[in-house]
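model-v3.cif follows; it contains mmCIF, C-alpha atoms.
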```cif
data_work
#
loop_
_atom_site.label_atom_id
_atom_site.label_comp_id
_atom_site.auth_asym_id
_atom_site.auth_seq_id
_atom_site.Cartn_x
_atom_site.Cartn_y
_atom_site.Cartn_z
CA MET P 151 270.76 178.38 -13.09
CA GLN P 152 266.96 178.89 -12.94
CA SER P 153 266.59 177.64 -16.50
CA THR P 154 268.45 174.44 -15.55
CA ASN P 155 266.16 173.90 -12.55
CA PHE P 156 263.08 174.54 -14.69
CA THR P 157 264.33 172.10 -17.34
CA ARG P 158 265.08 169.50 -14.66
CA LYS P 159 261.62 169.92 -13.08
CA SER P 160 259.97 169.72 -16.51
CA LEU P 161 261.86 166.51 -17.28
CA ILE P 162 260.91 165.01 -13.92
CA LEU P 163 257.26 165.95 -14.40
CA THR P 164 257.24 164.47 -17.91
CA LEU P 165 258.80 161.22 -16.70
CA ALA P 166 256.39 161.03 -13.78
CA LEU P 167 253.43 161.33 -16.11
CA ALA P 168 254.83 158.69 -18.45
CA VAL P 169 255.41 156.05 -15.75
CA ALA P 170 252.65 153.45 -15.82
CA SER P 171 251.16 152.10 -12.64
CA CYS P 172 248.06 150.29 -11.57
CA GLN P 173 245.94 153.41 -11.49
CA SER P 174 242.67 153.00 -13.36
CA THR P 175 240.40 155.93 -13.91
CA VAL P 176 236.66 155.76 -13.66
CA GLY P 177 235.07 158.77 -15.32
CA ALA P 178 232.49 160.78 -13.43
CA GLY P 179 230.22 160.91 -16.48
CA SER P 180 230.42 157.20 -17.27
CA THR P 181 227.03 156.43 -15.69
CA GLU P 182 225.12 158.47 -18.27
CA GLN P 183 226.89 156.72 -21.13
CA ASN P 184 226.24 153.27 -19.70
CA MET P 185 222.52 153.84 -19.23
CA SER P 186 222.10 154.29 -22.98
CA VAL P 187 223.29 150.71 -23.75
CA PRO P 188 220.32 148.43 -24.59
CA ALA P 189 219.81 145.53 -22.16
CA ALA P 190 219.48 142.91 -24.91
CA ASP P 191 222.69 143.98 -26.60
CA ASN P 192 225.24 141.20 -27.21
CA PHE P 193 228.01 143.33 -25.66
CA THR P 194 225.99 143.79 -22.48
CA GLN P 195 225.51 140.02 -22.21
CA LYS P 196 229.27 139.53 -22.49
CA VAL P 197 229.81 142.09 -19.74
CA LYS P 198 227.34 140.29 -17.47
CA THR P 199 229.18 137.01 -18.08
CA LEU P 200 232.55 138.61 -17.30
CA ALA P 201 231.16 140.17 -14.12
CA GLN P 202 230.05 136.74 -12.92
CA GLU P 203 233.27 134.91 -13.89
CA TYR P 204 235.79 137.37 -12.50
CA PRO P 205 236.59 137.74 -8.78
CA PRO P 206 235.20 140.69 -6.81
CA LEU P 207 236.28 144.15 -7.90
CA TYR P 208 237.46 146.55 -5.18
CA ARG P 209 237.86 150.33 -5.11
CA VAL P 210 241.08 151.25 -3.28
CA SER P 211 241.18 154.40 -1.16
CA TRP P 212 244.26 155.53 0.71
CA ASN P 213 245.51 158.29 2.95
CA VAL P 214 249.30 158.67 3.07
CA CYS P 215 250.78 161.17 5.54
CA GLY P 216 254.34 162.43 5.94
CA VAL P 217 254.88 163.21 2.24
CA GLN P 218 255.19 166.29 0.06
CA LYS P 219 251.99 167.68 -1.42
CA ARG P 220 252.27 169.57 -4.69
CA VAL P 221 250.35 172.84 -4.53
CA SER P 222 251.50 174.21 -7.88
CA ILE P 223 254.26 173.48 -10.39
CA GLY P 224 256.93 175.25 -8.38
CA ARG P 225 255.58 174.84 -4.85
CA THR P 226 255.23 171.84 -2.54
CA LEU P 227 254.36 171.56 1.13
CA LEU P 228 256.35 169.23 3.41
CA ASN P 229 254.93 166.62 5.79
CA GLN P 230 251.40 166.64 4.37
CA CYS P 231 248.67 164.03 3.87
CA VAL P 232 247.53 162.96 0.40
CA ASP P 233 244.37 160.94 -0.13
CA ALA P 234 242.86 159.00 -3.01
CA GLN P 235 240.07 161.55 -3.50
CA SER P 236 242.58 164.05 -4.84
CA THR P 237 243.93 161.55 -7.37
CA ARG P 238 242.66 158.84 -9.68
CA THR P 239 240.56 155.95 -8.48
CA MET P 240 242.26 152.56 -8.37
CA LEU P 241 240.30 149.36 -9.02
CA VAL P 242 241.76 145.91 -8.30
CA TRP P 243 240.58 142.31 -8.66
CA GLY P 244 240.31 140.14 -5.54
CA ALA P 245 242.08 142.43 -3.07
CA THR P 246 243.49 140.81 0.08
CA GLY P 247 243.80 143.94 2.21
CA GLY P 248 247.59 143.78 2.28
CA TYR P 249 249.66 146.84 1.45
CA LYS P 250 253.26 148.06 1.72
CA LEU P 251 254.84 151.49 1.79
CA ILE P 252 258.38 151.08 0.41
CA PRO P 253 260.93 153.94 0.52
CA THR P 254 263.51 154.48 -2.25
CA HIS P 255 266.08 157.13 -3.14
CA GLN P 256 265.27 159.33 -6.08
CA TYR P 257 268.00 160.01 -8.64
CA THR P 258 267.74 163.78 -8.02
CA GLY P 259 268.60 163.56 -4.34
CA GLY P 260 265.21 162.99 -2.78
CA VAL P 261 263.42 160.18 -0.99
CA GLN P 262 260.28 158.62 -2.42
CA SER P 263 257.77 156.22 -0.95
CA HIS P 264 255.81 153.78 -3.11
CA LEU P 265 252.42 152.42 -2.06
CA PHE P 266 251.76 148.83 -3.18
CA VAL P 267 248.41 147.05 -2.75
CA GLU P 268 248.07 143.26 -2.76
CA SER P 269 245.45 141.86 -5.14
CA LYS P 270 244.89 139.37 -7.96
CA GLY P 271 245.22 142.03 -10.64
CA CYS P 272 244.61 145.62 -11.67
CA PHE P 273 241.46 146.56 -13.50
CA GLY P 274 242.29 148.03 -16.89
CA LEU P 275 245.81 146.55 -17.01
CA ASN P 276 245.35 142.81 -16.85
CA LYS P 277 242.89 140.02 -16.27
CA PRO P 278 242.67 138.58 -12.78
CA SER P 279 245.29 135.97 -11.90
CA SER P 280 244.97 133.05 -9.52
CA ASN P 281 247.71 134.32 -7.17
CA ALA P 282 247.75 137.60 -5.33
CA GLN P 283 250.74 139.89 -5.72
CA TYR P 284 251.59 143.52 -5.01
CA TYR P 285 250.68 146.22 -7.52
CA LYS P 286 251.90 149.80 -7.37
CA ALA P 287 249.17 152.28 -6.51
CA ARG P 288 251.16 155.51 -6.36
CA THR P 289 254.55 157.08 -5.72
CA PHE P 290 254.95 159.93 -3.24
CA LEU P 291 257.86 162.34 -2.83
CA VAL P 292 258.81 162.44 0.85
CA ALA P 293 261.71 164.90 1.22
CA GLN P 294 265.26 165.68 0.19
CA LEU P 295 267.89 163.08 1.12
CA ALA P 296 269.31 165.31 3.87
CA GLN P 297 265.90 165.26 5.60
CA LYS P 298 265.13 161.55 5.13
CA ASP P 299 265.17 160.74 8.87
CA LYS P 300 262.90 163.68 9.69
CA PHE P 301 259.83 162.41 7.78
CA LYS P 302 258.40 158.88 8.12
CA PRO P 303 255.40 158.30 5.83
CA THR P 304 252.43 156.29 7.08
CA ALA P 305 249.51 154.88 5.12
CA GLN P 306 245.94 153.87 5.71
CA VAL P 307 244.33 151.80 2.96
CA LYS P 308 240.61 151.11 2.66
CA LEU P 309 239.08 148.57 0.28
CA THR P 310 235.45 148.79 -0.81
CA GLN P 311 234.00 145.81 -2.68
CA LEU P 312 231.81 146.85 -5.60
CA SER P 313 228.41 145.21 -5.94
CA ASP P 314 227.75 143.17 -9.09
CA GLU P 315 225.81 146.09 -10.59
CA LYS P 316 228.60 148.60 -9.86
CA LYS P 317 231.15 146.08 -11.11
CA LYS P 318 229.49 146.11 -14.55
CA MET P 319 229.90 149.86 -14.97
CA PRO P 320 233.72 149.91 -15.28
CA LEU P 321 233.54 146.80 -17.47
CA LEU P 322 231.29 148.62 -19.93
CA ASN P 323 233.81 151.47 -20.43
#
```
Here is a file; write its structure as structure tokens.
Amino acid sequence: MQSTNFTRKSLILTLALAVASCQSTVGAGSTEQNMSVPAADNFTQKVKTLAQEYPPLYRVSWNVCGVQKRVSIGRTLLNQCVDAQSTRTMLVWGATGGYKLIPTHQYTGGVQSHLFVESKGCFGLNKPSSNAQYYKARTFLVAQLAQKDKFKPTAQVKLTQLSDEKKKMPLLN
């Protein structure tokens, strides 16, 4: 029985890692690499042009409460808060400030909640579009189906517009 549960959890973890979303990572050491690029370089000029043509780039931070927080592979805590600092950074083009937290049932008997952020595109996935739409930021496990009415997730989303100089850094990577 334990081997079946371990196999099921391993499969779920593998599928969760394989699912693509709008999460873009910005490496902590990227600044050192970018400083070594010569200013007169043709690539740098292209980046400057892109930074001027594209809409503003925003860093998305969130705090979602009322969800499960994974402490280790076999242990989660119920009714916790998860913030963007503990996960990857999300960058979006032309954010509007709109967001939705949409609940769904998981195939293994649990309830999930998906955070969507409204913008004109996701950095690293696509070029900016003219119309804003919702892009998935992250999926959170809330609880088992039997406890679905006990936990109601809430979200707070904060958008920070990057300056033109900071906007060039992710474009260089």
Would you kindly identify which residues have an atom no farther than 12 Å from (246.7, 147.3, 1.8), using all atoms listed in the file and the file's own coordinates, and write them out as a ChimeraX atom specification?
-> /P:208-214,242,245-251,265-269,283-287,304-310
Neighbour list for Leu200 of chain P as a ChimeraX atom specification, cut-off 9 Å, all atoms listed in the file, skip fewer than 4 positions in-chain = /P:195-196,204,318,321
When the PyMOL selection byres ((chain P and resi 292) around 8) is applied to the file above, which residues end up in the set, as a list in words?
->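 Applied to this file, the PyMOL selection byres ((chain P and resi 292) around 8) returns Gly216, Val217, Gln218, Leu228, Asn229, Gly260, Val261, Gln262, Ser263, Phe290, Leu291, Ala293, Gln294, Lys298, Phe301 and Pro303 of chain P.
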Interatomic distance (Å, one decimal) between atom CA of Phe273 of chain P and atom CA of Pro320 of chain P =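 Interatomic distance here is 8.6 Å.
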Point-to-point distance in Å for atom CA of Gln235 of chain P and atom CA of His255 of chain P | 26.4 Å
Using only the atoms of segment 236-251 of chain P listed in the file, plus 8 Å on each side, state the axis-aligned box centre and edge lengths in Å rounded to one decimal, as JSON.
```
{"center_x": 247.6, "center_y": 152.1, "center_z": -3.7, "size_x": 30.5, "size_y": 39.9, "size_z": 28.0}
```
Work out how far atom CA of Gln230 of chain P is from atom CA of Cys272 of chain P, in Å to one decimal.
-> 27.3 Å
Can you give me, as a PyMOL selection string, the residues this file yields under the PyMOL selection byres ((chain P and resi 279) around 10)?
-> chain P and resi 204-205+243-244+269-272+276-278+280-283
Next, dump the selected residues to file, keeping only C-alpha atoms, as a PDB file, in the coordinates of the input.
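Printed below is selection32.pdb as written:
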```pdb
ATOM      1  CA  TYR P 204     235.790 137.370 -12.500  1.00  0.00           C
ATOM      2  CA  PRO P 205     236.590 137.740  -8.780  1.00  0.00           C
ATOM      3  CA  TRP P 243     240.580 142.310  -8.660  1.00  0.00           C
ATOM      4  CA  GLY P 244     240.310 140.140  -5.540  1.00  0.00           C
ATOM      5  CA  SER P 269     245.450 141.860  -5.140  1.00  0.00           C
ATOM      6  CA  LYS P 270     244.890 139.370  -7.960  1.00  0.00           C
ATOM      7  CA  GLY P 271     245.220 142.030 -10.640  1.00  0.00           C
ATOM      8  CA  CYS P 272     244.610 145.620 -11.670  1.00  0.00           C
ATOM      9  CA  ASN P 276     245.350 142.810 -16.850  1.00  0.00           C
ATOM     10  CA  LYS P 277     242.890 140.020 -16.270  1.00  0.00           C
ATOM     11  CA  PRO P 278     242.670 138.580 -12.780  1.00  0.00           C
ATOM     12  CA  SER P 280     244.970 133.050  -9.520  1.00  0.00           C
ATOM     13  CA  ASN P 281     247.710 134.320  -7.170  1.00  0.00           C
ATOM     14  CA  ALA P 282     247.750 137.600  -5.330  1.00  0.00           C
ATOM     15  CA  GLN P 283     250.740 139.890  -5.720  1.00  0.00           C
TER      16      GLN P 283
END
```
